[in-house]
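Here's coords_8.cif, which has mmCIF, C-alpha atoms:
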data_structure
loop_
_atom_site.group_PDB
_atom_site.id
_atom_site.type_symbol
_atom_site.label_atom_id
_atom_site.label_comp_id
_atom_site.auth_asym_id
_atom_site.auth_seq_id
_atom_site.Cartn_x
_atom_site.Cartn_y
_atom_site.Cartn_z
ATOM 1 C CA MET A 1291 4.931 -22.285 20.931
ATOM 2 C CA GLY A 1292 3.861 -23.359 17.510
ATOM 3 C CA SER A 1293 5.664 -23.213 14.224
ATOM 4 C CA SER A 1294 7.819 -20.208 15.130
ATOM 5 C CA ASP A 1295 10.113 -22.736 16.892
ATOM 6 C CA THR A 1296 11.171 -23.954 13.491
ATOM 7 C CA VAL A 1297 11.802 -20.529 11.997
ATOM 8 C CA GLN A 1298 14.965 -18.750 13.025
ATOM 9 C CA GLY A 1299 13.595 -16.531 15.790
ATOM 10 C CA ARG A 1300 14.391 -12.975 14.820
ATOM 11 C CA ASP A 1301 13.886 -13.491 11.075
ATOM 12 C CA GLY A 1302 10.436 -14.871 11.764
ATOM 13 C CA LEU A 1303 9.612 -11.960 14.019
ATOM 14 C CA CYS A 1304 10.887 -9.495 11.429
ATOM 15 C CA PHE A 1305 8.641 -11.072 8.802
ATOM 16 C CA PHE A 1306 5.670 -10.959 11.163
ATOM 17 C CA GLY A 1307 6.458 -7.324 11.940
ATOM 18 C CA LYS A 1308 6.800 -6.382 8.283
ATOM 19 C CA VAL A 1309 3.433 -7.910 7.402
ATOM 20 C CA SER A 1310 1.785 -6.323 10.468
ATOM 21 C CA ALA A 1311 3.168 -2.889 9.577
ATOM 22 C CA THR A 1312 1.906 -3.225 6.008
ATOM 23 C CA ILE A 1313 -1.545 -4.210 7.238
ATOM 24 C CA SER A 1314 -1.642 -1.301 9.675
ATOM 25 C CA HIS A 1315 -0.889 1.120 6.806
ATOM 26 C CA ASP A 1316 -3.685 -0.396 4.730
ATOM 27 C CA VAL A 1317 -6.159 -0.136 7.617
ATOM 28 C CA LYS A 1318 -5.095 3.465 8.280
ATOM 29 C CA ASN A 1319 -5.821 4.355 4.659
ATOM 30 C CA VAL A 1320 -9.264 2.769 4.846
ATOM 31 C CA LEU A 1321 -10.036 4.707 8.035
ATOM 32 C CA ALA A 1322 -8.765 7.942 6.506
ATOM 33 C CA ILE A 1323 -11.036 7.500 3.488
ATOM 34 C CA ILE A 1324 -14.070 6.706 5.653
ATOM 35 C CA ASN A 1325 -13.217 9.768 7.747
ATOM 36 C CA GLU A 1326 -13.246 12.050 4.681
ATOM 37 C CA GLU A 1327 -16.368 10.514 3.125
ATOM 38 C CA ALA A 1328 -18.226 10.839 6.440
ATOM 39 C CA GLY A 1329 -16.896 14.395 6.775
ATOM 40 C CA LEU A 1330 -18.184 15.176 3.312
ATOM 41 C CA LEU A 1331 -21.626 13.829 4.289
ATOM 42 C CA GLN A 1332 -21.529 16.085 7.334
ATOM 43 C CA ASP A 1333 -20.503 19.117 5.247
ATOM 44 C CA LEU A 1334 -23.265 18.501 2.719
ATOM 45 C CA SER A 1335 -25.854 18.033 5.507
ATOM 46 C CA LEU A 1336 -24.798 21.308 7.137
ATOM 47 C CA MET A 1337 -24.988 23.105 3.810
ATOM 48 C CA ALA A 1338 -28.423 21.594 3.133
ATOM 49 C CA GLY A 1339 -29.464 22.869 6.568
ATOM 50 C CA GLN A 1340 -28.465 26.338 5.384
ATOM 51 C CA GLY A 1341 -30.687 26.026 2.322
ATOM 52 C CA MET A 1342 -28.368 24.517 -0.299
ATOM 53 C CA GLU A 1343 -30.094 22.059 -2.606
ATOM 54 C CA LEU A 1344 -28.908 18.527 -1.932
ATOM 55 C CA ASP A 1345 -29.057 15.795 -4.549
ATOM 56 C CA PRO A 1346 -30.169 12.533 -2.845
ATOM 57 C CA GLU A 1347 -28.200 10.593 -5.465
ATOM 58 C CA ARG A 1348 -25.019 12.233 -4.154
ATOM 59 C CA LEU A 1349 -25.774 10.938 -0.657
ATOM 60 C CA VAL A 1350 -26.413 7.426 -1.962
ATOM 61 C CA LYS A 1351 -23.083 7.442 -3.838
ATOM 62 C CA LEU A 1352 -21.233 8.576 -0.730
ATOM 63 C CA ALA A 1353 -22.898 5.891 1.382
ATOM 64 C CA VAL A 1354 -21.903 3.237 -1.184
ATOM 65 C CA LYS A 1355 -18.306 4.494 -1.116
ATOM 66 C CA ILE A 1356 -18.247 4.171 2.670
ATOM 67 C CA GLN A 1357 -19.700 0.665 2.481
ATOM 68 C CA ASN A 1358 -17.058 -0.314 -0.075
ATOM 69 C CA GLN A 1359 -14.296 0.902 2.225
ATOM 70 C CA VAL A 1360 -15.808 -1.104 5.093
ATOM 71 C CA LYS A 1361 -15.709 -4.188 2.825
ATOM 72 C CA ARG A 1362 -12.099 -3.408 1.915
ATOM 73 C CA GLY A 1363 -11.211 -3.071 5.597
ATOM 74 C CA ASP A 1364 -12.990 -6.316 6.397
ATOM 75 C CA THR A 1365 -10.975 -8.193 3.756
ATOM 76 C CA ILE A 1366 -7.724 -6.742 5.123
ATOM 77 C CA ILE A 1367 -8.620 -7.791 8.679
ATOM 78 C CA LYS A 1368 -9.691 -11.296 7.560
ATOM 79 C CA ASN A 1369 -6.335 -11.741 5.819
ATOM 80 C CA MET A 1370 -4.570 -10.450 8.914
ATOM 81 C CA ASN A 1371 -6.423 -12.961 11.064
ATOM 82 C CA LYS A 1372 -5.607 -15.827 8.698
ATOM 83 C CA PHE A 1373 -1.943 -14.816 8.693
ATOM 84 C CA ALA A 1374 -1.822 -14.432 12.493
ATOM 85 C CA HIS A 1375 -3.162 -17.972 12.918
ATOM 86 C CA SER A 1376 -0.520 -19.435 10.618
ATOM 87 C CA VAL A 1377 1.830 -19.725 13.619
ATOM 88 C CA ASP A 1378 -0.660 -21.865 15.578
ATOM 89 C CA ILE A 1379 0.358 -25.301 14.311
ATOM 90 C CA ALA A 1380 3.874 -26.355 13.342
ATOM 91 C CA LYS A 1381 2.778 -28.764 10.645
ATOM 92 C CA CYS A 1382 -0.619 -29.219 9.087
ATOM 93 C CA GLU A 1383 -2.502 -29.774 5.857
ATOM 94 C CA VAL A 1384 -2.725 -26.594 3.800
ATOM 95 C CA ASP A 1385 -4.005 -25.468 0.423
ATOM 96 C CA PHE A 1386 -0.956 -23.992 -1.320
ATOM 97 C CA TYR A 1387 -3.137 -22.046 -3.766
ATOM 98 C CA ASP A 1388 -5.001 -20.411 -0.916
ATOM 99 C CA MET A 1389 -1.747 -19.717 0.941
ATOM 100 C CA THR A 1390 -0.104 -18.148 -2.137
ATOM 101 C CA SER A 1391 -3.196 -16.027 -2.695
ATOM 102 C CA LEU A 1392 -3.004 -14.813 0.918
ATOM 103 C CA VAL A 1393 0.693 -13.886 0.672
ATOM 104 C CA ILE A 1394 0.098 -12.016 -2.598
ATOM 105 C CA ALA A 1395 -2.760 -10.092 -0.951
ATOM 106 C CA LEU A 1396 -0.583 -9.258 2.071
ATOM 107 C CA PHE A 1397 2.196 -8.029 -0.232
ATOM 108 C CA THR A 1398 0.011 -5.850 -2.475
ATOM 109 C CA ARG A 1399 1.459 -2.695 -0.918
ATOM 110 C CA VAL A 1400 5.019 -4.007 -1.333
ATOM 111 C CA ALA A 1401 4.324 -4.792 -5.009
ATOM 112 C CA SER A 1402 2.795 -1.367 -5.464
ATOM 113 C CA ALA A 1403 5.846 0.317 -3.887
ATOM 114 C CA LYS A 1404 8.101 -1.659 -6.243
ATOM 115 C CA CYS A 1405 5.773 -0.797 -9.186
ATOM 116 C CA VAL A 1406 5.375 -4.477 -10.100
ATOM 117 C CA THR A 1407 2.086 -6.156 -10.986
ATOM 118 C CA VAL A 1408 1.589 -9.614 -9.492
ATOM 119 C CA ILE A 1409 -0.898 -11.907 -11.204
ATOM 120 C CA LEU A 1410 -2.056 -15.169 -9.658
ATOM 121 C CA LYS A 1411 -3.230 -17.502 -12.399
ATOM 122 C CA GLU A 1412 -6.436 -19.380 -11.748
ATOM 123 C CA GLY A 1413 -5.785 -22.794 -10.328
ATOM 124 C CA GLU A 1414 -7.177 -25.646 -8.321
ATOM 125 C CA ILE A 1415 -6.823 -26.672 -4.713
ATOM 126 C CA VAL A 1416 -3.294 -28.018 -4.177
ATOM 127 C CA THR A 1417 -3.063 -29.591 -0.737
ATOM 128 C CA GLY A 1418 -0.090 -30.855 1.220
ATOM 129 C CA LYS A 1419 1.510 -30.796 4.652
ATOM 130 C CA CYS A 1420 3.887 -28.040 5.732
ATOM 131 C CA ASP A 1421 4.684 -25.507 8.435
ATOM 132 C CA PRO A 1422 2.315 -22.697 7.340
ATOM 133 C CA PHE A 1423 4.295 -19.782 8.763
ATOM 134 C CA SER A 1424 7.631 -20.946 7.322
ATOM 135 C CA ALA A 1425 5.977 -21.616 3.970
ATOM 136 C CA GLU A 1426 4.393 -18.139 3.911
ATOM 137 C CA MET A 1427 7.738 -16.591 4.780
ATOM 138 C CA LEU A 1428 9.398 -18.468 1.935
ATOM 139 C CA ILE A 1429 6.681 -17.575 -0.600
ATOM 140 C CA ALA A 1430 6.837 -13.910 0.454
ATOM 141 C CA ARG A 1431 10.625 -13.706 0.088
ATOM 142 C CA CYS A 1432 10.468 -15.483 -3.279
ATOM 143 C CA LEU A 1433 7.860 -12.971 -4.441
ATOM 144 C CA GLU A 1434 10.013 -10.046 -3.312
ATOM 145 C CA VAL A 1435 13.108 -11.434 -5.031
ATOM 146 C CA SER A 1436 11.056 -12.029 -8.182
ATOM 147 C CA MET A 1437 9.610 -8.495 -8.075
ATOM 148 C CA ASP A 1438 13.115 -7.021 -7.751
ATOM 149 C CA SER A 1439 14.312 -9.176 -10.611
ATOM 150 C CA ALA A 1440 11.348 -8.196 -12.808
ATOM 151 C CA GLY A 1441 11.902 -4.498 -12.088
ATOM 152 C CA LYS A 1442 9.725 -1.386 -12.185
ATOM 153 C CA ASN A 1443 6.690 -1.352 -14.464
ATOM 154 C CA HIS A 1444 6.868 -5.078 -15.168
ATOM 155 C CA GLU A 1445 4.681 -8.013 -14.285
ATOM 156 C CA ILE A 1446 5.209 -11.365 -12.622
ATOM 157 C CA SER A 1447 2.720 -14.211 -12.852
ATOM 158 C CA VAL A 1448 2.323 -16.924 -10.263
ATOM 159 C CA GLU A 1449 1.006 -20.427 -10.814
ATOM 160 C CA VAL A 1450 0.266 -23.137 -8.233
ATOM 161 C CA PHE A 1451 -0.049 -26.749 -9.353
ATOM 162 C CA SER A 1452 0.711 -30.399 -8.537
ATOM 163 C CA LYS A 1453 3.329 -32.324 -10.476
ATOM 164 C CA ASN A 1454 3.533 -36.024 -9.594
ATOM 165 C CA SER A 1455 3.888 -36.010 -5.807
ATOM 166 C CA GLU A 1456 5.203 -32.444 -5.661
ATOM 167 C CA ARG A 1457 3.394 -29.165 -5.078
ATOM 168 C CA VAL A 1458 4.866 -26.387 -7.170
ATOM 169 C CA ILE A 1459 4.573 -22.599 -6.911
ATOM 170 C CA SER A 1460 6.150 -21.091 -10.013
ATOM 171 C CA VAL A 1461 6.846 -17.419 -10.601
ATOM 172 C CA HIS A 1462 7.356 -16.222 -14.192
ATOM 173 C CA GLY A 1463 8.645 -12.868 -15.311
ATOM 174 C CA LEU A 1464 12.119 -12.619 -13.761
ATOM 175 C CA ARG A 1465 14.437 -10.447 -15.828
ATOM 176 C CA LEU A 1466 17.549 -9.508 -13.883
ATOM 177 C CA GLU A 1467 19.892 -12.012 -12.295
ATOM 178 C CA VAL A 1468 19.089 -12.978 -8.695
ATOM 179 C CA SER A 1469 22.015 -12.101 -6.413
ATOM 180 C CA GLU A 1470 24.031 -14.748 -4.584
ATOM 181 C CA ASN A 1471 22.917 -13.260 -1.242
ATOM 182 C CA ASP A 1472 19.258 -13.598 -2.185
ATOM 183 C CA LEU A 1473 19.785 -17.165 -3.371
ATOM 184 C CA GLN A 1474 21.449 -18.052 -0.059
ATOM 185 C CA ALA A 1475 18.613 -16.452 1.905
ATOM 186 C CA LEU A 1476 16.041 -18.386 -0.141
ATOM 187 C CA GLU A 1477 17.935 -21.610 0.449
ATOM 188 C CA ALA A 1478 17.890 -21.072 4.228
ATOM 189 C CA LEU A 1479 14.186 -20.252 4.200
ATOM 190 C CA SER A 1480 13.361 -23.217 1.989
ATOM 191 C CA LYS A 1481 15.142 -25.578 4.403
ATOM 192 C CA ASN A 1482 12.976 -24.251 7.227
ATOM 193 C CA ALA A 1483 9.859 -24.707 5.146
ATOM 194 C CA GLY A 1484 10.800 -28.219 3.982
ATOM 195 C CA ALA A 1485 10.930 -27.081 0.367
ATOM 196 C CA THR A 1486 13.408 -26.428 -2.400
ATOM 197 C CA VAL A 1487 13.768 -23.307 -4.518
ATOM 198 C CA SER A 1488 15.268 -23.174 -7.977
ATOM 199 C CA VAL A 1489 15.867 -20.222 -10.254
ATOM 200 C CA VAL A 1490 15.995 -20.918 -13.981
ATOM 201 C CA PRO A 1491 17.311 -17.700 -15.559
ATOM 202 C CA HIS A 1492 16.850 -18.644 -19.221
ATOM 203 C CA ASP A 1493 13.171 -19.392 -18.528
ATOM 204 C CA SER A 1494 12.766 -16.231 -16.359
ATOM 205 C CA LEU A 1495 11.430 -18.604 -13.761
ATOM 206 C CA LEU A 1496 11.583 -19.213 -10.015
ATOM 207 C CA GLU A 1497 10.076 -22.413 -8.620
ATOM 208 C CA ILE A 1498 9.245 -23.395 -5.064
ATOM 209 C CA ILE A 1499 8.710 -27.114 -4.664
ATOM 210 C CA PHE A 1500 7.095 -28.662 -1.600
ATOM 211 C CA MET B 1277 -5.183 30.780 -3.109
ATOM 212 C CA ASN B 1278 -4.510 27.588 -5.045
ATOM 213 C CA ILE B 1279 -3.662 24.387 -3.221
ATOM 214 C CA LEU B 1280 -2.594 21.091 -4.785
ATOM 215 C CA LEU B 1281 -3.324 17.809 -2.981
ATOM 216 C CA VAL B 1282 -1.425 14.636 -3.924
ATOM 217 C CA ASP B 1283 -2.343 11.185 -2.583
ATOM 218 C CA ASP B 1284 -2.560 7.819 -4.344
ATOM 219 C CA GLU B 1285 -5.907 7.094 -2.632
ATOM 220 C CA LEU B 1286 -8.320 8.722 -5.084
ATOM 221 C CA GLU B 1287 -11.357 8.689 -2.798
ATOM 222 C CA LEU B 1288 -9.403 10.283 0.024
ATOM 223 C CA VAL B 1289 -7.794 13.062 -1.971
ATOM 224 C CA SER B 1290 -10.933 13.959 -3.945
ATOM 225 C CA ALA B 1291 -13.093 14.153 -0.788
ATOM 226 C CA LEU B 1292 -10.457 16.188 1.040
ATOM 227 C CA ALA B 1293 -10.180 18.637 -1.870
ATOM 228 C CA GLU B 1294 -13.948 19.070 -1.990
ATOM 229 C CA ARG B 1295 -14.116 19.680 1.756
ATOM 230 C CA LEU B 1296 -11.375 22.309 1.481
ATOM 231 C CA SER B 1297 -13.245 23.980 -1.382
ATOM 232 C CA PHE B 1298 -16.295 24.276 0.923
ATOM 233 C CA ARG B 1299 -13.982 26.204 3.271
ATOM 234 C CA GLY B 1300 -12.931 28.745 0.698
ATOM 235 C CA PHE B 1301 -9.768 27.183 -0.743
ATOM 236 C CA GLU B 1302 -9.150 26.545 -4.443
ATOM 237 C CA ALA B 1303 -8.109 22.910 -4.079
ATOM 238 C CA ASP B 1304 -7.081 20.650 -6.958
ATOM 239 C CA TRP B 1305 -5.985 17.060 -6.611
ATOM 240 C CA VAL B 1306 -3.963 14.375 -8.398
ATOM 241 C CA THR B 1307 -3.087 10.789 -7.464
ATOM 242 C CA SER B 1308 0.604 10.539 -8.375
ATOM 243 C CA GLY B 1309 3.858 12.429 -8.294
ATOM 244 C CA ALA B 1310 4.100 12.393 -12.086
ATOM 245 C CA GLU B 1311 0.686 14.039 -12.432
ATOM 246 C CA ALA B 1312 1.600 16.563 -9.737
ATOM 247 C CA MET B 1313 4.684 17.673 -11.671
ATOM 248 C CA ASP B 1314 2.517 18.520 -14.685
ATOM 249 C CA LYS B 1315 -0.319 20.012 -12.655
ATOM 250 C CA ILE B 1316 1.939 22.342 -10.645
ATOM 251 C CA LEU B 1317 2.757 24.268 -13.823
ATOM 252 C CA GLU B 1318 -0.892 24.895 -14.697
ATOM 253 C CA LYS B 1319 -1.700 27.383 -11.928
ATOM 254 C CA ASP B 1320 -0.027 29.616 -9.403
ATOM 255 C CA TYR B 1321 -0.112 27.106 -6.543
ATOM 256 C CA VAL B 1322 1.055 28.371 -3.171
ATOM 257 C CA LEU B 1323 0.785 25.155 -1.134
ATOM 258 C CA ALA B 1324 1.090 21.412 -1.797
ATOM 259 C CA ILE B 1325 -0.390 18.813 0.545
ATOM 260 C CA LEU B 1326 1.491 15.562 -0.038
ATOM 261 C CA ASP B 1327 1.031 11.998 1.158
ATOM 262 C CA VAL B 1328 4.396 10.752 2.452
ATOM 263 C CA LYS B 1329 4.076 7.168 1.188
ATOM 264 C CA MET B 1330 3.044 6.836 -2.431
ATOM 265 C CA PRO B 1331 4.098 4.210 -4.992
ATOM 266 C CA ARG B 1332 6.587 5.217 -7.711
ATOM 267 C CA MET B 1333 7.401 8.615 -6.192
ATOM 268 C CA SER B 1334 7.146 9.277 -2.463
ATOM 269 C CA GLY B 1335 5.906 12.594 -1.126
ATOM 270 C CA LEU B 1336 9.416 13.415 0.050
ATOM 271 C CA GLU B 1337 10.889 12.757 -3.393
ATOM 272 C CA LEU B 1338 8.076 14.720 -5.021
ATOM 273 C CA ARG B 1339 8.810 17.689 -2.784
ATOM 274 C CA LYS B 1340 12.433 17.776 -4.002
ATOM 275 C CA ARG B 1341 11.239 17.882 -7.605
ATOM 276 C CA LEU B 1342 8.524 20.462 -6.981
ATOM 277 C CA GLU B 1343 11.043 22.735 -5.265
ATOM 278 C CA HIS B 1344 12.773 23.109 -8.642
ATOM 279 C CA LEU B 1345 9.558 23.596 -10.568
ATOM 280 C CA ARG B 1346 7.885 25.985 -8.129
ATOM 281 C CA PRO B 1347 10.378 27.642 -5.752
ATOM 282 C CA GLY B 1348 8.783 29.056 -2.622
ATOM 283 C CA LEU B 1349 5.922 26.575 -2.609
ATOM 284 C CA LYS B 1350 4.797 25.645 0.930
ATOM 285 C CA TYR B 1351 4.296 22.026 1.970
ATOM 286 C CA ILE B 1352 2.108 20.044 4.342
ATOM 287 C CA PHE B 1353 2.755 16.311 4.640
ATOM 288 C CA LEU B 1354 0.131 13.693 5.459
ATOM 289 C CA SER B 1355 1.339 10.370 6.818
ATOM 290 C CA GLY B 1356 -0.416 7.131 7.689
ATOM 291 C CA HIS B 1357 1.597 6.555 10.824
ATOM 292 C CA GLY B 1358 3.752 9.567 11.427
ATOM 293 C CA SER B 1359 6.835 7.381 11.667
ATOM 294 C CA GLU B 1360 9.877 9.068 13.116
ATOM 295 C CA ASP B 1361 11.890 8.012 10.075
ATOM 296 C CA ASP B 1362 9.579 9.861 7.677
ATOM 297 C CA TYR B 1363 9.813 12.910 9.858
ATOM 298 C CA LYS B 1364 13.608 12.824 10.048
ATOM 299 C CA VAL B 1365 14.035 12.153 6.346
ATOM 300 C CA GLY B 1366 12.340 15.332 5.288
ATOM 301 C CA ALA B 1367 8.850 15.941 6.541
ATOM 302 C CA ALA B 1368 10.373 17.892 9.452
ATOM 303 C CA LYS B 1369 11.404 20.547 6.953
ATOM 304 C CA ALA B 1370 7.805 20.934 5.806
ATOM 305 C CA ASP B 1371 5.576 23.698 7.047
ATOM 306 C CA SER B 1372 3.440 21.070 8.718
ATOM 307 C CA TYR B 1373 3.059 17.354 9.253
ATOM 308 C CA LEU B 1374 -0.251 15.632 10.022
ATOM 309 C CA VAL B 1375 -1.121 12.006 10.725
ATOM 310 C CA LYS B 1376 -4.132 10.419 8.972
ATOM 311 C CA PRO B 1377 -7.035 10.413 9.533
ATOM 312 C CA VAL B 1378 -6.901 14.199 9.779
ATOM 313 C CA LYS B 1379 -9.460 16.510 11.314
ATOM 314 C CA ILE B 1380 -10.471 19.026 8.677
ATOM 315 C CA GLU B 1381 -10.317 21.834 11.246
ATOM 316 C CA ASP B 1382 -6.686 20.906 12.042
ATOM 317 C CA LEU B 1383 -5.797 20.847 8.371
ATOM 318 C CA VAL B 1384 -7.436 24.230 7.749
ATOM 319 C CA GLU B 1385 -5.538 25.661 10.716
ATOM 320 C CA ARG B 1386 -2.232 24.304 9.388
ATOM 321 C CA ILE B 1387 -2.976 25.649 5.908
ATOM 322 C CA ASN B 1388 -3.671 29.106 7.317
ATOM 323 C CA LEU B 1389 -0.498 28.961 9.382
ATOM 324 C CA ALA B 1390 1.590 27.862 6.397
ATOM 325 C CA LEU B 1391 0.136 30.641 4.250
ATOM 326 C CA GLY B 1392 0.504 33.204 7.000
ATOM 327 C CA ASN B 1393 -3.229 33.934 7.058
#
Go ahead and express the file in the form of structure tokens.
Amino acid sequence: MGSSDTVQGRDGLCFFGKVSATISHDVKNVLAIINEEAGLLQDLSLMAGQGMELDPERLVKLAVKIQNQVKRGDTIIKNMNKFAHSVDIAKCEVDFYDMTSLVIALFTRVASAKCVTVILKEGEIVTGKCDPFSAEMLIARCLEVSMDSAGKNHEISVEVFSKNSERVISVHGLRLEVSENDLQALEALSKNAGATVSVVPHDSLLEIIF
Amino acid sequence: MNILLVDDELELVSALAERLSFRGFEADWVTSGAEAMDKILEKDYVLAILDVKMPRMSGLELRKRLEHLRPGLKYIFLSGHGSEDDYKVGAAKADSYLVKPVKIEDLVERINLALGN
């Protein structure tokens, strides 16, 4: 086994399951859209066969929509693959910006359900060694806690940068107090990931430091 | 007969509505529960086809609100996975429950059944 040895077994599995379920919903939606667009093409073709005038431009637009959904599906599957491989090696060199970007992409549906907009500020490559799966689990939980703190119809912004020898992922936009239970859960996850997490209420800020 | 479709995936709901219109139904669509609550008052809708999982207001929550606005309205739920939880929570009370991607023939059949055609 790889890095899952270092993550408390069931919690790690639950996280893996949650992400997998989210991805499967996203893929289902893509397939459902392709199904309807293709069905529409079929309907229009049948109607054209019965003498209805068919605008070629309409067909082109439908084909482009299908291609766009295929691209969307491809991105979802690529992210899924990247995430699935994060359990391969217990400790390795990672790009924290890339990793944060992946977790935000995987949690788009969660953010949407919570009605919170997540913005990743442009940044540079920030490399360092960590257990990728544990780090992703920590980033994901921090994002969820931050979304809950920000509340419906608000925005959180995420920044990834180096400060001296530390790699920092900071989340701005927290509004409500983070519960003691959540803080304890973050502390346990951060230990697993070899990081520390601090919440600075008066700055509406949560920081993960590797 | 007027049907209202509600799904947060715009491309899905617009294509589905158009395909239903080719089959003789007056089908309108919106992409959120909030829009649906306004739209339902515009016409004499007899059936609502709702996505179970939508941001802000789920299909199940929307149904509760629509029941007050339009008593007697029939419902068909569309779900990505057809999870047992969704079904238990409320979709079981609907006139029908379909898992995406749907076959248009199945949907038409369920609509006719729900409307007693």
Using all atoms listed in the file, find each residue in chain A having at least one atom no more than 10 Å away from chain B; report its shortest atom-to-atom pair and that distance in Å (one decimal), rows by chain then rising number, as a Markdown table.
| residue | atom | partner | partner_atom | distance |
| --- | --- | --- | --- | --- |
| A:Ala1311 | CA | B:His1357 | CA | 9.7 |
| A:Ser1314 | CA | B:His1357 | CA | 8.6 |
| A:His1315 | CA | B:Gly1356 | CA | 6.1 |
| A:Asp1316 | CA | B:Gly1356 | CA | 8.7 |
| A:Val1317 | CA | B:Gly1356 | CA | 9.3 |
| A:Lys1318 | CA | B:Gly1356 | CA | 6.0 |
| A:Asn1319 | CA | B:Gly1356 | CA | 6.8 |
| A:Val1320 | CA | B:Leu1288 | CA | 8.9 |
| A:Leu1321 | CA | B:Pro1377 | CA | 6.6 |
| A:Ala1322 | CA | B:Pro1377 | CA | 4.3 |
| A:Ile1323 | CA | B:Leu1288 | CA | 4.7 |
| A:Ile1324 | CA | B:Leu1288 | CA | 8.1 |
| A:Asn1325 | CA | B:Pro1377 | CA | 6.5 |
| A:Glu1326 | CA | B:Ala1291 | CA | 5.9 |
| A:Glu1327 | CA | B:Ala1291 | CA | 6.3 |
| A:Ala1328 | CA | B:Ala1291 | CA | 9.5 |
| A:Gly1329 | CA | B:Arg1295 | CA | 7.8 |
| A:Leu1330 | CA | B:Arg1295 | CA | 6.3 |
| A:Leu1331 | CA | B:Arg1295 | CA | 9.9 |
| A:Gln1332 | CA | B:Arg1295 | CA | 9.9 |
| A:Asp1333 | CA | B:Arg1295 | CA | 7.3 |
| A:Leu1334 | CA | B:Phe1298 | CA | 9.2 |
| A:Met1337 | CA | B:Phe1298 | CA | 9.2 |
| A:Leu1352 | CA | B:Ala1291 | CA | 9.9 |
| A:Lys1355 | CA | B:Glu1287 | CA | 8.3 |
| A:Ile1356 | CA | B:Glu1287 | CA | 9.9 |
| A:Gln1359 | CA | B:Glu1287 | CA | 9.7 |
| A:Arg1399 | CA | B:Pro1331 | CA | 8.4 |
| A:Val1400 | CA | B:Pro1331 | CA | 9.0 |
| A:Ala1401 | CA | B:Pro1331 | CA | 9.0 |
| A:Ser1402 | CA | B:Pro1331 | CA | 5.7 |
| A:Ala1403 | CA | B:Pro1331 | CA | 4.4 |
| A:Lys1404 | CA | B:Arg1332 | CA | 7.2 |
| A:Cys1405 | CA | B:Arg1332 | CA | 6.2 |
| A:Lys1442 | CA | B:Arg1332 | CA | 8.6 |
| A:Asn1443 | CA | B:Arg1332 | CA | 9.4 |
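Between CA of Leu1396 in chain A and CA of Lys1351 in chain A the interatomic distance comes to 28.6 Å.
For the atom pair formed by CA of Leu1428 in chain A and CA of Arg1300 in chain A, the distance is 14.9 Å, given to one decimal.
Note that CA of Arg1386 in chain B and CA of Leu1374 in chain B are 8.9 Å apart.
Comparing B:Tyr1351, B:Asn1278, B:Asp1283, B:Gly1392 by their smallest distance to Ala1312 in chain B, the closest is B:Asp1283 (using only C-alpha atoms).
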Write out as a ChimeraX atom specification which residues come within 7 Å of Ile1409 in chain A when counting all atoms listed in the file, dropping same-chain ones fewer than 2 positions away.
-> /A:1407,1411,1446-1448
Quick one: residues within 10 Å of range 1457-1462 of chain A, all atoms listed in the file counted, chain neighbours fewer than 2 positions away excluded, as an NGL selection string?
-> :A and (1385-1387 or 1390 or 1408-1410 or 1416-1418 or 1429 or 1432-1433 or 1436-1437 or 1440 or 1445-1455 or 1464-1465 or 1485-1490 or 1493-1500)
Residues returned when the PyMOL selection byres ((chain A and resi 1468-1476) around 8) runs on this file, as a PyMOL selection string = chain A and resi 1428+1431-1432+1435+1439+1466-1467+1477-1480+1487
With the file shown as input, list the residues that the PyMOL selection byres ((chain B and resi 1325) around 12) selects, as a ChimeraX atom specification.
-> /B:1278-1283,1289,1292-1293,1296,1303-1307,1309,1312,1316,1321-1324,1326-1328,1335-1336,1338-1339,1342,1349-1355,1367,1370-1374,1383-1384,1386-1387,1390
Given only C-alpha atoms as the counted atoms, nearest of B:Met1277, B:Ala1310, B:Leu1345, B:Leu1317 to Asn1393 in chain B = B:Met1277
